[in-house]
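Asks: Enclosed is the structure file input02.cif (mmCIF, C-alpha atoms).
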```cif
data_query
#
loop_
_atom_site.label_atom_id
_atom_site.label_comp_id
_atom_site.auth_asym_id
_atom_site.auth_seq_id
_atom_site.Cartn_x
_atom_site.Cartn_y
_atom_site.Cartn_z
CA MET Y 29 -10.47 26.27 8.69
CA SER Y 30 -9.20 22.82 7.94
CA LYS Y 31 -5.54 21.97 8.29
CA VAL Y 32 -3.39 20.80 5.43
CA ASN Y 33 -2.58 17.14 5.60
CA ASN Y 34 1.11 16.98 6.38
CA ILE Y 35 1.71 13.65 4.63
CA LYS Y 36 1.50 13.10 0.89
CA GLU Y 37 1.63 9.74 -0.82
CA THR Y 38 2.58 9.02 -4.41
CA VAL Y 39 2.70 5.84 -6.46
CA LYS Y 40 4.95 5.26 -9.47
CA VAL Y 41 4.24 2.19 -11.59
CA ILE Y 42 6.88 0.58 -13.81
CA THR Y 43 5.93 -2.20 -16.19
CA ILE Y 44 8.47 -4.89 -17.00
CA THR Y 45 7.82 -6.55 -20.32
CA LYS Y 46 10.98 -8.53 -21.05
CA GLN Y 47 13.26 -10.83 -19.17
CA LEU Y 48 16.49 -9.17 -17.97
CA GLN Y 49 15.09 -5.78 -18.88
CA LYS Y 50 16.83 -2.65 -17.59
CA ILE Y 51 14.82 0.49 -17.13
CA ASN Y 52 15.81 4.03 -16.27
CA PHE Y 53 12.98 6.16 -15.03
CA GLN Y 54 12.31 9.40 -13.22
CA ILE Y 55 10.02 10.28 -10.39
CA ARG Y 56 8.97 13.91 -10.21
CA HIS Y 57 8.21 15.11 -6.72
CA PRO Y 58 4.90 16.84 -6.06
CA GLU Y 59 5.06 20.57 -5.51
CA ASN Y 60 5.64 21.99 -2.06
CA VAL Y 61 6.90 18.85 -0.39
CA PHE Y 62 9.66 19.12 2.16
CA ALA Y 63 11.20 15.68 2.55
CA ILE Y 64 10.89 12.01 1.71
CA ILE Y 65 10.02 10.13 4.86
CA GLY Y 66 9.14 6.68 3.56
CA ILE Y 67 9.68 4.39 0.59
CA ALA Y 68 8.10 1.04 -0.19
CA VAL Y 69 8.35 -1.17 -3.27
CA THR Y 70 5.99 -3.95 -4.27
CA CYS Y 71 6.09 -6.40 -7.13
CA ASP Y 72 3.18 -8.32 -8.60
CA LYS Y 73 5.26 -10.91 -10.42
CA ILE Y 74 3.97 -14.42 -10.02
CA GLY Y 75 6.37 -17.05 -8.79
CA GLU Y 76 7.28 -19.70 -11.29
CA PHE Y 77 5.21 -22.84 -10.86
CA THR Y 78 7.51 -25.68 -9.92
CA GLY Y 79 5.02 -28.48 -9.59
CA ASP Y 80 4.57 -28.17 -5.83
CA ILE Y 81 1.17 -27.64 -4.31
CA LEU Y 82 2.15 -24.19 -3.13
CA PRO Y 83 3.85 -21.63 -5.36
CA PRO Y 84 7.46 -20.72 -4.61
CA LYS Y 85 8.45 -17.62 -2.75
CA GLY Y 86 11.44 -15.54 -1.93
CA ASN Y 87 13.06 -15.33 -5.35
CA THR Y 88 14.40 -12.00 -6.40
CA ALA Y 89 12.69 -10.38 -9.36
CA GLY Y 90 15.27 -7.64 -9.77
CA ASN Y 91 17.17 -4.78 -8.22
CA ILE Y 92 16.00 -1.24 -7.80
CA SER Y 93 17.83 1.92 -6.87
CA LEU Y 94 16.63 5.49 -6.49
CA SER Y 95 19.02 8.39 -6.50
CA ILE Y 96 18.94 12.17 -6.46
CA ALA Y 97 19.03 13.61 -9.96
CA GLN Y 98 22.43 14.99 -11.02
CA LYS Y 99 23.98 14.38 -7.61
CA GLY Y 100 23.82 10.61 -7.76
CA ASP Y 101 23.25 10.14 -4.04
CA VAL Y 102 21.46 6.84 -3.62
CA VAL Y 103 18.33 7.28 -1.53
CA PHE Y 104 17.12 3.72 -1.70
CA SER Y 105 18.43 0.46 -3.07
CA ASP Y 106 17.02 -3.00 -2.61
CA ASP Y 107 16.34 -6.39 -4.11
CA VAL Y 108 12.73 -6.63 -5.20
CA LYS Y 109 11.30 -9.91 -4.02
CA ILE Y 110 8.71 -11.84 -5.92
CA ASP Y 111 5.45 -11.79 -4.13
CA SER Y 112 5.11 -14.75 -1.86
CA ASN Y 113 1.87 -15.55 -3.69
CA ASP Y 114 0.26 -16.06 -0.35
CA TYR Y 115 -1.01 -13.37 1.93
CA ALA Y 116 -0.34 -15.66 4.87
CA ASP Y 117 3.35 -15.55 3.90
CA ILE Y 118 4.27 -19.08 4.77
CA PRO Y 119 8.00 -19.00 5.50
CA GLU Y 120 8.80 -22.57 4.55
CA LYS Y 121 6.42 -24.23 2.19
CA ARG Y 122 7.89 -27.68 2.54
CA VAL Y 123 7.26 -27.92 6.28
CA TYR Y 124 3.67 -28.77 5.82
CA GLY Y 125 2.61 -29.31 9.41
CA LEU Y 126 3.70 -25.86 10.51
CA GLN Y 127 1.94 -23.94 7.81
CA PHE Y 128 -1.32 -23.38 9.55
CA ASP Y 129 0.27 -21.98 12.70
CA ILE Y 130 2.54 -19.64 10.86
CA ALA Y 131 -0.07 -18.67 8.34
CA SER Y 132 -1.80 -16.47 10.87
CA ALA Y 133 1.20 -14.11 10.95
CA LYS Y 134 -0.14 -11.84 8.17
CA LYS Y 135 1.71 -8.73 9.07
CA ARG Y 136 1.28 -5.44 7.36
CA GLN Y 137 3.91 -4.28 4.92
CA LEU Y 138 5.95 -1.47 6.36
CA TYR Y 139 7.73 1.40 4.69
CA PHE Y 140 11.45 1.94 4.70
CA LYS Y 141 11.65 4.95 6.99
CA THR Y 142 14.02 7.69 6.01
CA PHE Y 143 14.35 11.43 6.03
CA TYR Y 144 15.71 13.02 2.90
CA ARG Y 145 15.22 16.72 2.35
CA ILE Y 146 14.18 17.57 -1.15
CA ASP Y 147 16.35 20.03 -3.03
CA LYS Y 148 15.98 18.63 -6.55
CA ALA Y 149 12.72 18.17 -8.39
CA LEU Y 150 13.47 14.64 -9.52
CA LEU Y 151 14.48 11.23 -8.35
CA GLU Y 152 16.27 9.07 -10.86
CA GLY Y 153 15.53 5.39 -10.74
CA PHE Y 154 17.02 2.28 -12.21
CA TYR Y 155 15.46 -1.16 -12.25
CA GLU Y 156 17.07 -4.31 -13.56
CA ASP Y 157 15.19 -7.57 -13.94
CA THR Y 158 17.42 -10.39 -12.79
CA TYR Y 159 14.99 -13.25 -12.57
CA SER Y 160 16.13 -16.37 -14.36
CA PRO Y 161 13.55 -19.11 -14.24
CA SER Y 162 14.83 -22.61 -13.81
CA MET Y 163 11.90 -24.34 -15.46
CA ALA Y 164 10.99 -22.05 -18.31
CA SER Y 165 12.35 -23.29 -21.57
CA ASP Y 166 12.98 -21.31 -24.73
CA GLY Y 167 9.86 -19.93 -26.24
CA VAL Y 168 7.89 -19.86 -23.00
CA GLU Y 169 6.38 -16.44 -22.50
CA LEU Y 170 6.78 -15.22 -18.96
CA PRO Y 171 4.04 -12.79 -17.97
CA LEU Y 172 4.96 -9.16 -17.64
CA TYR Y 173 4.75 -7.62 -14.24
CA LYS Y 174 4.58 -4.30 -12.50
CA ILE Y 175 6.78 -2.69 -9.90
CA ARG Y 176 5.08 -0.09 -7.74
CA ILE Y 177 7.18 2.46 -5.90
CA TYR Y 178 5.45 4.22 -3.06
CA ILE Y 179 6.95 7.42 -1.78
CA ARG Y 180 5.69 9.16 1.31
CA TYR Y 181 6.45 12.85 1.65
CA GLN Y 182 6.35 15.27 4.50
CA VAL Y 183 4.66 18.39 3.18
CA SER Y 184 5.81 21.07 5.57
CA ASP Y 185 8.86 21.35 7.77
CA THR Y 186 6.90 21.30 10.99
CA ASN Y 187 4.90 18.71 12.87
CA TYR Y 188 6.90 15.82 11.57
CA LEU Y 189 5.03 12.67 12.46
CA ASN Y 190 5.95 9.30 11.16
CA ALA Y 191 3.06 7.29 12.39
CA LYS Y 192 1.78 5.70 9.20
CA PRO Y 193 2.71 2.06 8.65
CA MET E 119 -12.16 20.33 34.88
CA SER E 120 -12.42 16.88 33.39
CA HIS E 121 -12.03 16.28 29.68
CA ARG E 122 -13.26 13.05 28.12
CA ILE E 123 -12.16 11.65 24.80
CA LYS E 124 -14.12 8.98 23.01
CA ILE E 125 -12.92 7.12 19.96
CA ILE E 126 -15.56 5.87 17.56
CA LYS E 127 -15.29 3.55 14.62
CA GLU E 128 -17.44 3.93 11.52
CA TRP E 129 -17.22 2.07 8.25
CA VAL E 130 -18.32 1.80 4.68
CA ASP E 131 -18.56 -1.40 2.66
CA VAL E 132 -17.63 -1.69 -0.99
CA ASN E 133 -19.25 -4.64 -2.71
CA VAL E 134 -17.09 -5.73 -5.60
CA THR E 135 -19.46 -7.48 -7.89
CA ALA E 136 -17.62 -7.43 -11.21
CA ALA E 137 -14.03 -7.81 -12.32
CA ASN E 138 -11.94 -4.94 -13.71
CA GLN E 139 -14.18 -2.18 -12.52
CA ILE E 140 -14.07 0.79 -10.20
CA PHE E 141 -16.50 0.97 -7.30
CA LYS E 142 -17.09 4.19 -5.43
CA GLU E 143 -18.57 4.51 -1.97
CA SER E 144 -18.71 7.32 0.53
CA PHE E 145 -20.17 8.22 3.89
CA GLU E 146 -20.11 11.05 6.38
CA VAL E 147 -18.51 10.66 9.77
CA ASP E 148 -20.52 11.48 12.85
CA LYS E 149 -21.35 15.16 13.25
CA HIS E 150 -19.81 15.25 16.72
CA VAL E 151 -16.41 14.13 15.49
CA SER E 152 -13.64 16.59 16.23
CA LYS E 153 -10.70 14.78 14.62
CA ILE E 154 -10.19 11.83 12.32
CA ILE E 155 -7.32 9.76 13.64
CA GLY E 156 -6.94 6.79 11.33
CA ILE E 157 -8.34 4.09 9.11
CA ALA E 158 -8.34 0.31 8.77
CA PHE E 159 -9.02 -1.90 5.80
CA THR E 160 -10.55 -5.37 5.92
CA THR E 161 -12.17 -7.82 3.54
CA ASN E 162 -14.18 -11.01 3.55
CA ASN E 163 -11.73 -12.66 1.15
CA ASP E 164 -8.05 -11.92 1.75
CA SER E 165 -6.78 -13.11 -1.60
CA MET E 166 -8.96 -10.82 -3.68
CA PRO E 167 -7.87 -7.35 -2.58
CA TYR E 168 -4.35 -8.59 -1.88
CA TYR E 169 -3.75 -9.47 -5.52
CA ARG E 170 -6.41 -7.56 -7.37
CA GLY E 171 -7.17 -4.43 -5.43
CA SER E 172 -6.05 -0.85 -5.27
CA GLN E 173 -7.86 2.21 -4.03
CA LYS E 174 -7.94 5.92 -3.67
CA ILE E 175 -9.11 7.23 -0.31
CA SER E 176 -9.96 10.84 0.39
CA ILE E 177 -11.25 12.58 3.46
CA ASN E 178 -12.77 16.03 3.35
CA GLU E 179 -11.87 16.11 -0.36
CA LYS E 180 -8.18 15.69 0.43
CA GLU E 181 -6.44 12.72 -1.08
CA ILE E 182 -5.07 10.51 1.68
CA TYR E 183 -4.01 7.59 -0.51
CA PRO E 184 -3.64 8.15 -4.24
CA GLU E 185 -5.12 6.18 -7.08
CA GLY E 186 -3.25 2.92 -7.61
CA TYR E 187 -2.33 2.47 -3.95
CA GLU E 188 -2.42 -1.29 -3.52
CA SER E 189 -4.77 -2.77 -0.97
CA LYS E 190 -2.16 -5.22 0.24
CA ILE E 191 -0.22 -2.42 1.87
CA LEU E 192 -3.21 -1.56 4.04
CA MET E 193 -4.13 -5.15 4.86
CA GLN E 194 -3.13 -6.68 8.15
CA GLY E 195 -3.70 -9.90 10.00
CA PHE E 196 -4.27 -11.39 13.39
CA ASN E 197 -0.67 -11.03 14.42
CA VAL E 198 -0.89 -7.27 14.38
CA PRO E 199 -1.96 -6.29 17.89
CA VAL E 200 -5.47 -4.89 18.06
CA ASN E 201 -4.33 -1.49 19.25
CA GLU E 202 -1.90 -1.26 16.32
CA ARG E 203 -4.47 -1.97 13.65
CA ILE E 204 -5.44 1.65 13.30
CA ILE E 205 -3.43 3.00 10.40
CA SER E 206 -2.60 6.49 11.51
CA LEU E 207 -2.85 9.22 8.92
CA GLY E 208 0.34 10.85 10.15
CA GLU E 209 -1.63 13.46 12.02
CA GLU E 210 -5.17 13.97 13.19
CA LEU E 211 -7.31 15.45 10.46
CA GLU E 212 -10.04 18.03 10.77
CA PRO E 213 -13.24 16.36 9.56
CA GLY E 214 -14.19 19.37 7.40
CA ASN E 215 -17.20 18.37 5.35
CA ARG E 216 -17.01 14.96 7.10
CA ARG E 217 -17.13 13.08 3.82
CA VAL E 218 -14.98 9.97 3.44
CA GLU E 219 -14.70 8.54 -0.06
CA ILE E 220 -13.19 5.35 -1.38
CA GLU E 221 -12.67 4.46 -5.03
CA TYR E 222 -11.81 0.80 -5.12
CA LYS E 223 -10.40 -0.68 -8.31
CA ASP E 224 -10.38 -4.37 -9.13
CA GLU E 225 -7.86 -5.58 -11.73
CA ASN E 226 -7.36 -9.00 -13.22
CA HIS E 227 -4.58 -11.11 -11.80
CA LEU E 228 -3.35 -14.36 -13.24
CA PHE E 229 -3.10 -16.02 -9.90
CA VAL E 230 -6.54 -15.26 -8.48
CA ALA E 231 -9.73 -15.64 -10.46
CA PHE E 232 -12.50 -13.23 -9.67
CA SER E 233 -15.39 -14.03 -7.41
CA PRO E 234 -17.55 -11.38 -5.74
CA TYR E 235 -16.16 -10.03 -2.49
CA LYS E 236 -16.48 -7.16 -0.12
CA VAL E 237 -13.96 -4.72 1.30
CA ARG E 238 -14.58 -2.54 4.29
CA LEU E 239 -12.97 0.77 5.15
CA TYR E 240 -13.05 1.67 8.83
CA VAL E 241 -12.55 5.25 9.93
CA TYR E 242 -11.52 5.97 13.50
CA SER E 243 -12.50 9.35 14.87
CA ARG E 244 -12.27 11.21 18.11
CA ILE E 245 -15.12 12.89 19.91
CA ASP E 246 -14.20 15.41 22.59
CA ASP E 247 -16.75 15.96 25.33
#
```
So that I can check it, write out the structure of this file as structure tokens.
Replies:
Amino acid sequence: MSKVNNIKETVKVITITKQLQKINFQIRHPENVFAIIGIAVTCDKIGEFTGDILPPKGNTAGNISLSIAQKGDVVFSDDVKIDSNDYADIPEKRVYGLQFDIASAKKRQLYFKTFYRIDKALLEGFYEDTYSPSMASDGVELPLYKIRIYIRYQVSDTNYLNAKP
Amino acid sequence: MSHRIKIIKEWVDVNVTAANQIFKESFEVDKHVSKIIGIAFTTNNDSMPYYRGSQKISINEKEIYPEGYESKILMQGFNVPVNERIISLGEELEPGNRRVEIEYKDENHLFVAFSPYKVRLYVYSRIDD
């Protein structure tokens, strides 16, 4: 008899279509899950091209918060960073000589580790786009982007292992 | 009485030959495997799956990573120590029917134009003697 996998992953995708957009959304938990043990958020927004050889990084695309429905307890809140547009994640694009050493860093994205027992069926979420481009003039269409919210659940209340990245 | 444990690594390649499509591959882990302990994900072109890729991975018909799970979360580089590159599944899984499946999805991205590439899913398993 095969064992039930004790970890369950879900992905919620939010699409941002307008600048300074505010979105309320809900995340329904899967059935029979016991607790939230990890949360990660990614953003596929492209950094604004500023004329440099390498695209910019580190700007904030917006703010996200997740809270328990009706209770309002905030489970997770963070600034969502624009993707660095480079897997190598060069920390300082203007220091050209150092780039190739640092570029080998390439670490794996890790989850925010938490433990939140589930007693409500929903998470309420709020996302606010705060990105204000310095170069874009009126009439320039900025591409829409997606926010992905990854939630890792513990299925049963035993054998809690938190070994995934 | 002595008890030996051997860890083996098997893999399946997904050749992504066209943009905006889903590619499915599967394989069966070795018949002597007693537990599946983890996976790893690599590619021959880092930029492609980082920006364009997502996948669903299931083992023994159980969904381990759901559809839409971005490849960049599973990717890792040289600075991750070798013995930490196995992405644990949270617990050791029974191999069951031993079938490992990957559904890899390529999606257009403004920043990276498509060119054919390959992703590889490694599966680490344990064989008990």
Asks: Could you tell me which residues of chain E sit within 9 Å of chain Y when counting all atoms listed in the file, and give me the result as a tab-separated table (two decimals) with C-alpha atoms, in the frame of the given file?
Replies:
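That gives us selection.tsv:
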```tsv
chain	number	residue	atom	x	y	z
E	164	ASP	CA	-8.05	-11.92	1.75
E	165	SER	CA	-6.78	-13.11	-1.60
E	168	TYR	CA	-4.35	-8.59	-1.88
E	169	TYR	CA	-3.75	-9.47	-5.52
E	178	ASN	CA	-12.77	16.03	3.35
E	180	LYS	CA	-8.18	15.69	0.43
E	181	GLU	CA	-6.44	12.72	-1.08
E	182	ILE	CA	-5.07	10.51	1.68
E	183	TYR	CA	-4.01	7.59	-0.51
E	184	PRO	CA	-3.64	8.15	-4.24
E	185	GLU	CA	-5.12	6.18	-7.08
E	186	GLY	CA	-3.25	2.92	-7.61
E	187	TYR	CA	-2.33	2.47	-3.95
E	188	GLU	CA	-2.42	-1.29	-3.52
E	190	LYS	CA	-2.16	-5.22	0.24
E	191	ILE	CA	-0.22	-2.42	1.87
E	192	LEU	CA	-3.21	-1.56	4.04
E	193	MET	CA	-4.13	-5.15	4.86
E	194	GLN	CA	-3.13	-6.68	8.15
E	195	GLY	CA	-3.70	-9.90	10.00
E	196	PHE	CA	-4.27	-11.39	13.39
E	197	ASN	CA	-0.67	-11.03	14.42
E	198	VAL	CA	-0.89	-7.27	14.38
E	205	ILE	CA	-3.43	3.00	10.40
E	206	SER	CA	-2.60	6.49	11.51
E	207	LEU	CA	-2.85	9.22	8.92
E	208	GLY	CA	0.34	10.85	10.15
E	209	GLU	CA	-1.63	13.46	12.02
E	210	GLU	CA	-5.17	13.97	13.19
E	211	LEU	CA	-7.31	15.45	10.46
E	212	GLU	CA	-10.04	18.03	10.77
E	213	PRO	CA	-13.24	16.36	9.56
E	214	GLY	CA	-14.19	19.37	7.40
E	227	HIS	CA	-4.58	-11.11	-11.80
E	228	LEU	CA	-3.35	-14.36	-13.24
E	229	PHE	CA	-3.10	-16.02	-9.90
```
Asks: Can you tell me how far CA of Phe143 in chain Y sits from CA of Val61 in chain Y, in Å to one decimal?
Replies: 12.3 Å
Asks: When you draw a straight line from CA of Asp147 in chain Y to CA of Ile42 in chain Y, how long is it in Å?
Replies: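 Straight-line distance from CA of Asp147 in chain Y to CA of Ile42 in chain Y works out to 24.2 Å.
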Asks: Within 7 Å of Arg238 in chain E, counting all atoms listed in the file, which residues qualify if same-chain residues fewer than 3 places away don't, as a list of chain:residue names?
Replies: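 In the requested form, the answer reads E:Trp129, E:Val130, E:Asp131, E:Val132, E:Phe159, E:Thr160, E:Thr161.
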Asks: Would you mind exporting the chosen residues as a PDB file, in the frame of the given file, restricted to C-alpha atoms?
Replies:
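Wrote it out as again.pdb, contents follow:
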```
ATOM      1  CA  TRP E 129     -17.220   2.070   8.250  1.00  0.00           C
ATOM      2  CA  VAL E 130     -18.320   1.800   4.680  1.00  0.00           C
ATOM      3  CA  ASP E 131     -18.560  -1.400   2.660  1.00  0.00           C
ATOM      4  CA  VAL E 132     -17.630  -1.690  -0.990  1.00  0.00           C
ATOM      5  CA  PHE E 159      -9.020  -1.900   5.800  1.00  0.00           C
ATOM      6  CA  THR E 160     -10.550  -5.370   5.920  1.00  0.00           C
ATOM      7  CA  THR E 161     -12.170  -7.820   3.540  1.00  0.00           C
TER       8      THR E 161
END
```
Asks: List, as a list of chain:residue names, every residue that the PyMOL selection byres ((chain Y and resi 154) around 10) selects in the file provided.
Replies: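 Output from the PyMOL selection byres ((chain Y and resi 154) around 10), applied to this file: Y:Lys50, Y:Ile51, Y:Asn52, Y:Phe53, Y:Gln54, Y:Asn91, Y:Ile92, Y:Ser93, Y:Leu94, Y:Ser95, Y:Ser105, Y:Glu152, Y:Gly153, Y:Tyr155, Y:Glu156.
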Asks: Choose the residue, out of E:Lys124, E:Phe232, E:Ala158, E:Ile245, that has the smallest atom-to-atom separation from Gly171 in chain E; count all atoms listed in the file.
Replies: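 Using all atoms listed in the file, the shortest distance to Gly171 in chain E belongs to E:Phe232.
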Asks: List the neighbours of Ala97 in chain Y out to 7 Å using only C-alpha atoms; skip same-chain residues closer than 6 positions along the sequence, and give me the result as a list of chain:residue names.
Replies: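 Counting only the stated atoms, we get Y:Lys148, Y:Leu150, Y:Leu151, Y:Glu152.
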Asks: Would you mind exporting C-alpha atoms of the selected residues as an mmCIF file, keeping the file's coordinate frame?
Replies:
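Ended up saving to result-v9.cif:
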```cif
data_model
loop_
_atom_site.group_PDB
_atom_site.id
_atom_site.type_symbol
_atom_site.label_atom_id
_atom_site.label_comp_id
_atom_site.auth_asym_id
_atom_site.auth_seq_id
_atom_site.Cartn_x
_atom_site.Cartn_y
_atom_site.Cartn_z
ATOM 1 C CA LYS Y 148 15.980 18.630 -6.550
ATOM 2 C CA LEU Y 150 13.470 14.640 -9.520
ATOM 3 C CA LEU Y 151 14.480 11.230 -8.350
ATOM 4 C CA GLU Y 152 16.270 9.070 -10.860
#
```
Asks: Work out how far apart CA of Ser184 in chain Y and CA of Asn215 in chain E are and give it in Å to one decimal.
Replies: 23.2 Å
